[in-house]
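With mmCIF, C-alpha atoms and all ligand atoms inside, this is protein.cif:
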data_final
loop_
_atom_site.label_atom_id
_atom_site.label_comp_id
_atom_site.auth_asym_id
_atom_site.auth_seq_id
_atom_site.Cartn_x
_atom_site.Cartn_y
_atom_site.Cartn_z
CA MET F 156 97.78 96.57 136.30
CA ALA F 157 95.93 95.18 139.28
CA GLU F 158 93.51 92.33 138.85
CA LEU F 159 89.89 93.36 139.29
CA LEU F 160 87.94 90.20 138.52
CA LYS F 161 89.03 86.58 138.51
CA VAL F 162 86.75 83.81 137.36
CA ASN F 163 87.95 80.32 138.19
CA ASN F 164 86.56 77.11 136.68
CA LEU F 165 83.03 78.45 136.30
CA LYS F 166 80.39 75.85 135.43
CA THR F 167 76.77 76.72 134.66
CA GLN F 168 74.25 74.15 133.49
CA PHE F 169 70.60 74.00 132.45
CA ASN F 170 68.68 70.97 133.55
CA THR F 171 66.22 70.47 130.67
CA ASP F 172 63.79 67.69 129.76
CA ASN F 173 66.21 66.58 127.06
CA GLY F 174 69.24 66.46 129.34
CA ILE F 175 71.83 68.71 130.95
CA VAL F 176 73.04 71.65 128.86
CA LYS F 177 76.62 72.40 129.86
CA ALA F 178 76.39 76.05 128.84
CA VAL F 179 79.56 77.13 130.63
CA ASP F 180 81.98 74.33 131.29
CA ASP F 181 85.06 75.10 133.34
CA VAL F 182 85.65 78.65 132.15
CA SER F 183 88.39 80.75 133.73
CA TYR F 184 89.39 84.30 132.91
CA TYR F 185 90.48 87.52 134.49
CA LEU F 186 90.04 91.23 133.99
CA ASP F 187 92.50 93.87 135.10
CA GLU F 188 91.66 97.34 136.26
CA ARG F 189 90.93 99.66 133.33
CA GLU F 190 91.28 96.83 130.85
CA ILE F 191 89.08 96.05 127.84
CA VAL F 192 88.60 92.35 127.23
CA SER F 193 86.41 90.63 124.69
CA ILE F 194 84.62 87.29 124.76
CA VAL F 195 84.03 85.99 121.25
CA GLY F 196 82.24 82.96 119.85
CA GLU F 197 79.26 81.91 117.78
CA SER F 198 75.66 81.81 118.91
CA GLY F 199 74.96 79.42 121.77
CA CYS F 200 78.57 78.92 122.89
CA GLY F 201 77.89 80.27 126.39
CA LYS F 202 79.01 83.90 126.18
CA SER F 203 75.92 85.42 127.80
CA VAL F 204 75.51 82.68 130.38
CA SER F 205 79.16 83.09 131.41
CA GLN F 206 78.57 86.81 132.04
CA LEU F 207 75.16 86.46 133.66
CA SER F 208 76.68 83.91 136.05
CA ILE F 209 79.10 86.52 137.37
CA VAL F 210 76.24 88.62 138.69
CA GLN F 211 74.10 85.55 139.46
CA LEU F 212 71.38 86.35 136.96
CA ILE F 213 70.78 82.71 136.13
CA ASN F 214 67.20 81.51 136.45
CA LEU F 215 65.88 77.98 136.71
CA PRO F 216 66.36 75.52 135.07
CA GLY F 217 69.84 77.08 135.10
CA LYS F 218 72.28 76.62 137.96
CA ILE F 219 75.85 77.62 138.67
CA VAL F 220 77.32 74.28 139.69
CA GLY F 221 80.95 75.14 140.24
CA GLY F 222 83.71 77.70 140.27
CA GLU F 223 84.54 81.01 141.87
CA VAL F 224 84.02 84.65 140.90
CA ILE F 225 86.50 86.72 142.87
CA PHE F 226 85.75 90.45 142.93
CA GLU F 227 87.28 92.88 145.44
CA GLY F 228 88.59 89.97 147.47
CA HIS F 229 85.26 88.14 147.80
CA ASN F 230 83.86 85.10 146.03
CA LEU F 231 80.55 86.44 144.69
CA LEU F 232 79.20 82.91 144.28
CA LYS F 233 79.11 82.57 148.06
CA TYR F 234 76.45 85.29 148.19
CA THR F 235 72.80 84.45 147.60
CA ALA F 236 71.52 85.68 144.24
CA HIS F 237 68.96 88.14 145.65
CA GLY F 238 70.62 89.03 148.95
CA ALA F 239 71.84 92.50 149.96
CA GLU F 240 75.50 91.83 149.02
CA MET F 241 74.68 90.79 145.45
CA ARG F 242 72.22 93.67 145.04
CA SER F 243 74.88 96.17 146.07
CA ILE F 244 77.20 94.78 143.38
CA ARG F 245 74.85 93.96 140.50
CA GLY F 246 74.01 97.07 138.49
CA ALA F 247 76.21 99.20 140.73
CA LYS F 248 79.78 97.88 140.83
CA ILE F 249 79.26 95.46 137.96
CA ALA F 250 76.87 96.90 135.38
CA MET F 251 75.55 95.21 132.25
CA ILE F 252 74.32 96.45 128.88
CA PHE F 253 72.24 93.97 126.94
CA GLN F 254 71.74 93.32 123.25
CA GLU F 255 68.19 94.66 123.03
CA PRO F 256 67.65 97.78 125.13
CA MET F 257 63.85 97.55 124.94
CA THR F 258 64.03 94.47 127.16
CA SER F 259 66.00 96.37 129.81
CA LEU F 260 64.29 99.75 129.63
CA ASN F 261 60.83 100.06 131.12
CA PRO F 262 58.47 101.24 128.34
CA VAL F 263 56.06 103.01 130.72
CA LEU F 264 58.63 105.15 132.55
CA THR F 265 60.45 108.19 131.18
CA ILE F 266 64.22 108.06 130.87
CA ASN F 267 64.44 110.52 133.77
CA GLN F 268 62.32 108.29 136.02
CA GLN F 269 64.43 105.23 135.21
CA LEU F 270 67.79 106.90 135.68
CA THR F 271 66.65 108.71 138.83
CA GLU F 272 65.51 105.42 140.27
CA MET F 273 68.97 103.91 139.72
CA LEU F 274 70.68 106.91 141.33
CA GLY F 275 68.32 106.78 144.30
CA LEU F 276 68.61 103.03 144.76
CA HIS F 277 72.37 102.70 144.59
CA LEU F 278 73.71 106.15 145.51
CA GLY F 279 70.89 107.57 147.65
CA MET F 280 70.73 110.56 145.31
CA GLY F 281 67.42 112.42 144.80
CA GLY F 282 65.72 115.70 143.86
CA GLU F 283 67.61 118.35 141.92
CA ASP F 284 70.97 116.58 142.38
CA ALA F 285 69.65 113.48 140.65
CA ARG F 286 68.03 115.48 137.82
CA LYS F 287 71.29 117.32 137.15
CA ARG F 288 73.23 114.06 137.17
CA VAL F 289 70.79 112.46 134.71
CA ILE F 290 71.19 115.39 132.31
CA GLU F 291 74.96 115.27 132.72
CA LEU F 292 75.07 111.51 132.05
CA LEU F 293 72.88 111.77 128.96
CA GLY F 294 75.04 114.62 127.70
CA LEU F 295 78.16 112.50 128.25
CA VAL F 296 76.81 109.67 126.10
CA GLY F 297 75.91 112.10 123.30
CA ILE F 298 72.15 112.61 123.64
CA PRO F 299 71.46 116.07 122.20
CA ALA F 300 69.15 118.43 124.15
CA ALA F 301 69.36 116.12 127.17
CA GLU F 302 67.40 118.49 129.45
CA LYS F 303 64.36 118.08 127.17
CA ARG F 304 64.84 114.44 126.24
CA ILE F 305 64.92 113.19 129.82
CA HIS F 306 61.11 113.40 129.81
CA ASP F 307 60.79 111.13 126.77
CA TYR F 308 59.85 107.46 126.91
CA PRO F 309 62.18 104.74 125.52
CA HIS F 310 60.11 104.25 122.33
CA GLN F 311 60.73 107.91 121.42
CA PHE F 312 64.43 107.15 120.95
CA SER F 313 66.06 105.40 117.98
CA GLY F 314 67.82 102.05 118.53
CA GLY F 315 71.25 103.67 118.70
CA MET F 316 70.03 106.39 121.07
CA ARG F 317 68.41 103.79 123.32
CA GLN F 318 71.76 102.03 123.55
CA ARG F 319 73.31 105.37 124.55
CA VAL F 320 70.69 105.65 127.29
CA MET F 321 71.57 102.13 128.41
CA ILE F 322 75.23 103.09 128.56
CA ALA F 323 74.33 106.18 130.65
CA MET F 324 72.26 104.02 132.96
CA ALA F 325 75.01 101.45 133.32
CA LEU F 326 77.52 104.19 134.14
CA SER F 327 75.22 106.06 136.52
CA CYS F 328 76.57 104.32 139.62
CA ASN F 329 80.26 104.56 138.67
CA PRO F 330 80.72 100.81 138.10
CA ARG F 331 84.13 99.17 138.28
CA ILE F 332 83.14 96.78 135.49
CA LEU F 333 80.87 97.31 132.51
CA ILE F 334 79.77 94.16 130.71
CA ALA F 335 78.39 94.87 127.24
CA ASP F 336 76.62 91.79 125.86
CA GLU F 337 76.34 92.16 122.08
CA PRO F 338 75.25 95.76 122.58
CA THR F 339 75.52 96.70 118.94
CA THR F 340 74.44 93.60 117.01
CA ALA F 341 71.02 94.97 116.10
CA LEU F 342 72.42 98.27 114.80
CA ASP F 343 73.94 99.43 111.54
CA VAL F 344 77.70 99.33 111.14
CA THR F 345 78.28 103.08 111.58
CA THR F 346 76.23 103.22 114.78
CA GLN F 347 78.01 100.07 116.02
CA ALA F 348 81.37 101.76 115.61
CA GLN F 349 80.18 104.98 117.29
CA LEU F 350 78.82 103.09 120.28
CA LEU F 351 81.96 101.02 120.74
CA GLU F 352 84.02 104.19 120.56
CA LEU F 353 81.68 105.79 123.10
CA MET F 354 81.98 102.83 125.48
CA LYS F 355 85.75 102.90 125.19
CA ASN F 356 85.82 106.63 125.99
CA MET F 357 83.38 106.23 128.85
CA VAL F 358 85.27 103.43 130.59
CA ASP F 359 88.42 105.56 130.21
CA LYS F 360 86.65 108.50 131.81
CA PHE F 361 85.09 106.44 134.58
CA GLN F 362 88.29 104.42 135.08
CA ALA F 363 86.30 101.23 134.71
CA SER F 364 87.02 97.96 132.91
CA LEU F 365 84.97 96.73 129.98
CA VAL F 366 83.98 93.26 128.81
CA ILE F 367 82.69 93.24 125.22
CA VAL F 368 80.74 90.11 124.37
CA THR F 369 80.32 89.55 120.64
CA HIS F 370 80.13 86.93 117.90
CA ASN F 371 82.06 89.24 115.60
CA LEU F 372 85.81 89.08 116.05
CA GLY F 373 86.24 91.96 113.60
CA VAL F 374 84.30 94.34 115.85
CA VAL F 375 86.64 94.12 118.80
CA ALA F 376 90.05 94.24 117.15
CA ARG F 377 90.37 97.98 117.73
CA TYR F 378 89.14 98.01 121.30
CA ALA F 379 90.07 94.89 123.24
CA GLN F 380 93.49 94.40 124.79
CA ARG F 381 92.85 90.69 125.25
CA ILE F 382 90.43 88.20 123.71
CA TYR F 383 88.88 84.94 124.94
CA ILE F 384 87.56 82.69 122.17
CA MET F 385 84.74 80.42 123.35
CA TYR F 386 83.47 77.27 121.70
CA ALA F 387 80.78 74.94 123.09
CA GLY F 388 80.91 76.31 126.61
CA ARG F 389 84.69 76.45 126.91
CA VAL F 390 87.52 78.84 126.26
CA VAL F 391 89.49 77.35 123.35
CA GLU F 392 92.02 80.15 122.92
CA SER F 393 92.96 83.31 124.74
CA GLY F 394 95.63 85.90 124.31
CA THR F 395 96.38 89.50 123.55
CA THR F 396 94.49 90.89 120.57
CA LYS F 397 97.79 90.83 118.71
CA ASP F 398 98.30 87.12 119.49
CA ILE F 399 94.81 86.25 118.32
CA PHE F 400 94.97 88.24 115.08
CA ARG F 401 98.61 87.64 114.13
CA LYS F 402 99.24 84.14 115.50
CA PRO F 403 95.88 82.39 115.91
CA ARG F 404 96.50 78.77 116.93
CA HIS F 405 93.14 77.13 117.51
CA PRO F 406 91.50 75.88 114.28
CA TYR F 407 88.26 77.59 115.34
CA THR F 408 89.99 80.95 115.79
CA ILE F 409 91.71 80.48 112.44
CA GLY F 410 88.30 79.76 110.91
CA LEU F 411 86.77 82.85 112.51
CA LEU F 412 89.53 85.04 111.15
CA ARG F 413 89.18 83.61 107.66
CA SER F 414 85.47 84.29 107.69
CA ILE F 415 85.70 88.04 108.36
CA PRO F 416 86.87 90.74 105.96
CA ARG F 417 90.30 92.14 106.89
CA LEU F 418 91.59 95.57 105.98
CA ASP F 419 95.18 94.40 106.37
CA GLU F 420 94.98 91.70 103.71
CA LYS F 421 95.58 91.84 100.01
CA GLU F 422 92.61 92.34 97.74
CA GLY F 423 91.01 89.25 96.31
CA ILE F 424 91.41 87.08 99.44
CA LYS F 425 88.33 84.87 99.61
CA LEU F 426 86.30 84.71 102.81
CA ILE F 427 85.89 81.13 103.97
CA PRO F 428 82.97 80.14 106.18
CA ILE F 429 83.44 77.54 108.92
CA ASN F 430 81.68 74.42 107.67
CA GLY F 431 79.16 72.52 109.76
CA MET F 432 76.96 73.47 112.68
CA PRO F 433 77.78 74.44 116.25
CA PRO F 434 77.38 71.42 118.53
CA ASN F 435 74.37 70.69 120.67
CA LEU F 436 75.54 71.25 124.23
CA ILE F 437 73.46 68.34 125.56
CA ASN F 438 75.25 65.00 125.94
CA MET F 439 78.44 66.13 124.30
CA PRO F 440 81.07 63.48 123.58
CA PRO F 441 84.23 63.79 125.71
CA THR F 442 86.37 64.55 122.64
CA CYS F 443 87.07 68.08 121.38
CA ALA F 444 83.77 69.72 120.46
CA PHE F 445 85.27 71.31 117.35
CA LEU F 446 86.47 67.95 116.00
CA PRO F 447 83.61 67.35 113.50
CA ARG F 448 84.26 70.75 111.88
CA CYS F 449 88.03 70.84 112.18
CA PRO F 450 90.06 70.86 108.96
CA TYR F 451 93.28 70.14 110.88
CA ARG F 452 92.14 67.19 112.99
CA ILE F 453 94.58 64.37 113.65
CA GLU F 454 94.00 60.82 114.90
CA LYS F 455 94.71 61.74 118.50
CA CYS F 456 91.77 64.18 118.53
CA SER F 457 89.18 61.42 118.17
CA LYS F 458 90.90 59.17 120.71
CA GLU F 459 91.48 61.56 123.61
CA THR F 460 89.32 63.89 125.67
CA TRP F 461 89.35 67.63 125.07
CA PRO F 462 92.90 68.86 125.57
CA PRO F 463 93.68 71.23 128.45
CA LEU F 464 94.38 74.90 127.82
CA THR F 465 98.10 74.96 127.17
CA ASN F 466 100.32 77.97 127.52
CA LEU F 467 102.13 78.88 124.29
CA HIS F 468 103.88 81.95 125.63
CA ASP F 469 103.09 84.85 127.98
CA GLN F 470 99.31 85.35 127.81
CA HIS F 471 98.66 83.08 124.86
CA TYR F 472 96.77 79.83 125.64
CA VAL F 473 95.22 77.24 123.32
CA ARG F 474 93.16 74.08 123.78
CA CYS F 475 94.30 71.93 120.84
CA TYR F 476 96.50 68.89 120.12
CA VAL F 477 97.44 70.01 116.65
CA ASN F 478 100.44 72.17 115.98
CA THR F 479 98.52 74.49 113.74
CA GLU F 480 101.51 76.78 113.38
CA GLU F 481 103.07 74.18 111.11
CA LYS F 482 99.83 73.62 109.24
CA ILE F 483 98.56 77.11 108.57
CA GLY F 484 98.28 77.64 104.86
CA GLU F 485 97.72 73.97 104.13
CA PRO F 486 94.51 72.90 105.87
CA ALA F 487 93.55 69.30 105.18
CA THR F 488 90.06 70.14 103.95
CA ARG F 489 88.81 73.52 102.96
N1 LIG F 501 66.97 79.07 130.00
C1 LIG F 501 67.66 78.17 129.32
N2 LIG F 501 67.27 76.89 129.25
C2 LIG F 501 67.97 75.95 128.57
N3 LIG F 501 69.12 76.20 127.92
C3 LIG F 501 69.57 77.47 127.93
C4 LIG F 501 68.88 78.53 128.62
N4 LIG F 501 69.57 79.68 128.46
C5 LIG F 501 70.64 79.36 127.70
N5 LIG F 501 70.65 78.04 127.39
C6 LIG F 501 71.63 77.33 126.58
O1 LIG F 501 72.92 77.65 127.04
C7 LIG F 501 73.83 77.75 125.95
C8 LIG F 501 74.59 79.04 126.04
O2 LIG F 501 73.69 80.11 125.84
P1 LIG F 501 74.17 81.63 125.76
O3 LIG F 501 72.94 82.46 125.81
O4 LIG F 501 75.22 81.87 126.77
O5 LIG F 501 74.81 81.69 124.30
P2 LIG F 501 75.54 82.93 123.61
O6 LIG F 501 76.93 82.49 123.33
O7 LIG F 501 75.33 84.14 124.42
O8 LIG F 501 74.73 83.00 122.23
P3 LIG F 501 74.21 84.29 121.40
O9 LIG F 501 75.38 84.74 120.57
O10 LIG F 501 73.13 83.71 120.55
O11 LIG F 501 73.72 85.32 122.37
C9 LIG F 501 73.02 77.61 124.68
O12 LIG F 501 73.22 76.32 124.17
C10 LIG F 501 71.61 77.80 125.14
O13 LIG F 501 70.72 77.01 124.37
MG MG F 502 74.25 85.90 124.13
#

Please lay out the structure from this file as structure tokens.
Amino acid sequence: MAELLKVNNLKTQFNTDNGIVKAVDDVSYYLDEREIVSIVGESGCGKSVSQLSIVQLINLPGKIVGGEVIFEGHNLLKYTAHGAEMRSIRGAKIAMIFQEPMTSLNPVLTINQQLTEMLGLHLGMGGEDARKRVIELLGLVGIPAAEKRIHDYPHQFSGGMRQRVMIAMALSCNPRILIADEPTTALDVTTQAQLLELMKNMVDKFQASLVIVTHNLGVVARYAQRIYIMYAGRVVESGTTKDIFRKPRHPYTIGLLRSIPRLDEKEGIKLIPINGMPPNLINMPPTCAFLPRCPYRIEKCSKETWPPLTNLHDQHYVRCYVNTEEKIGEPATR
């Protein structure tokens, strides 16, 4: 498959009164055409900032201080955030769906007005053509009686339905990439599953690629082809979904997997939470950020800086000094 997006050594920081928050610290990843990739990690690890940086939606005190975002042969970071080039890409070629649709939908405009505006802005579509397209899009994402509902306001839809509207809006300009940032966290489990299924079907239909951002590794197992695990602003492990689930190698990934219920495990297996708190991203020590919580840590970990991402095989990379493969099943402290 051809590569669609390549992010190299991305660094985004927030200059706060308390110090510099290294929200995204040297993150690299890629996305192929028609691929579904997931970015997973706990709250505050830099998932959203890494995605918002791609489309330059970082506001002060935030700043992208390094790296490249290569899309269709151009480094998007060379464009100014609000210039014509970025505006023709953001929302059109690279579309985003956010966690809480009420923050992205305008409460005083009907769904028809909002979708028509998008179609006019990016595709120059108007009048009857636009109205038909809006109805078609809402039908595609499973809004019943779309021709009537287009005149409703966002608050007249349920949470799940609003997310469907967001998906329709994101797809309205035939994007190459859809970035879904925790789109289902606020919803019940059944609706979550339906929406993920819908997004998968829609990116198939639109021949787009999908990035699913989530803190829940369990959610993406069925959908993502590859997974990037983030911790404290960095990628600590990446690989195919099979690598991550069958042969996790970073202690944090191992911890994440032990803390979610698995259908493929014997009954009676206890879920084990990861002890301790996520680190504060201000003034981090140079050593591995997971060290204070790591049950597998060895002496070297507290003496050396964070290890580089090392290739294990094919697509599988890990940022850890410990040979966890030997240690799985006998963690030092649990
Ligand atoms: N405007 C801001 N000012 C200061 N720090 C910020 C700002 N926005 C984000 N950060 C910090 O950047 C880090 C990464 O934030 P980000 O929103 O990417 O986390 P996340 O992984 O998406 O978390 P969540 O799962 O809660 O959405 C966090 O430590 C956060 O406190
Ligand atoms: Mg987030």

- [ ] Return as a PyMOL selection string every polymer residue, whether protein, DNA or RNA, with at least one atom no more than 8 Å from an atom of ligand MG 502 (chain F); count all atoms listed in the file.
- [x] chain F and resi 198-199+201-204+254+336-337+368-369

Open item on the list: Let me see if you get this right: every residue at most 8 Å from ligand LIG 501 (chain F), counting only C-alpha atoms and all ligand atoms, written as an NGL selection string.
Closed with: :F and (168-171 or 176-179 or 196-206 or 214-217 or 336-337 or 369-370 or 387-388 or 435-436)

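For the set F:Met241, F:Met432, F:Val374, F:Leu260, the residue with the smallest atom-to-atom gap to Phe312 of chain F is F:Leu260, counting only C-alpha atoms.
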
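We find atom CA of Arg452 of chain F and atom CA of Tyr407 of chain F to be spaced 11.3 Å apart.
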
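The closest residue to Ile191 of chain F, picked from F:Ile334, F:Cys449, F:Val344, F:Ala325 and counting all atoms listed in the file, is F:Ile334.
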
Task: Top pick for closest residue to Tyr184 of chain F, considering F:Leu412, F:Met385, F:Ile290, F:Val477 and counting only C-alpha atoms - done: F:Met385

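A straight line drawn from atom CA of His306 of chain F to atom CA of Ile266 of chain F is 6.3 Å long.
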
Task: Shell around Gly373 of chain F at 12 Å using only C-alpha atoms, local window under 4 positions removed, as a ChimeraX atom specification - done: /F:193,195-196,344,347-348,369,377-379,382,396,399-400,408,411-419

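The residue that comes closest to Gly294 of chain F, out of F:Arg381, F:Gly282, F:Val320, F:Asn466 and on the basis of only C-alpha atoms, is F:Val320.
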
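What separates atom CA of Leu426 of chain F from atom CA of Tyr472 of chain F is a distance of 25.6 Å.
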
Task: For segment 235-240 of chain F: contacts at 8 Å, all atoms listed in the file, fewer than 3 positions along chain excluded, given as a VMD selection string - done: chain F and resid 210 to 212 232 243 to 244

Task: For Pro406 of chain F: contacts at 8 Å, all atoms listed in the file, fewer than 4 positions along chain excluded, given as a PyMOL selection string - done: chain F and resi 410+449-451+479
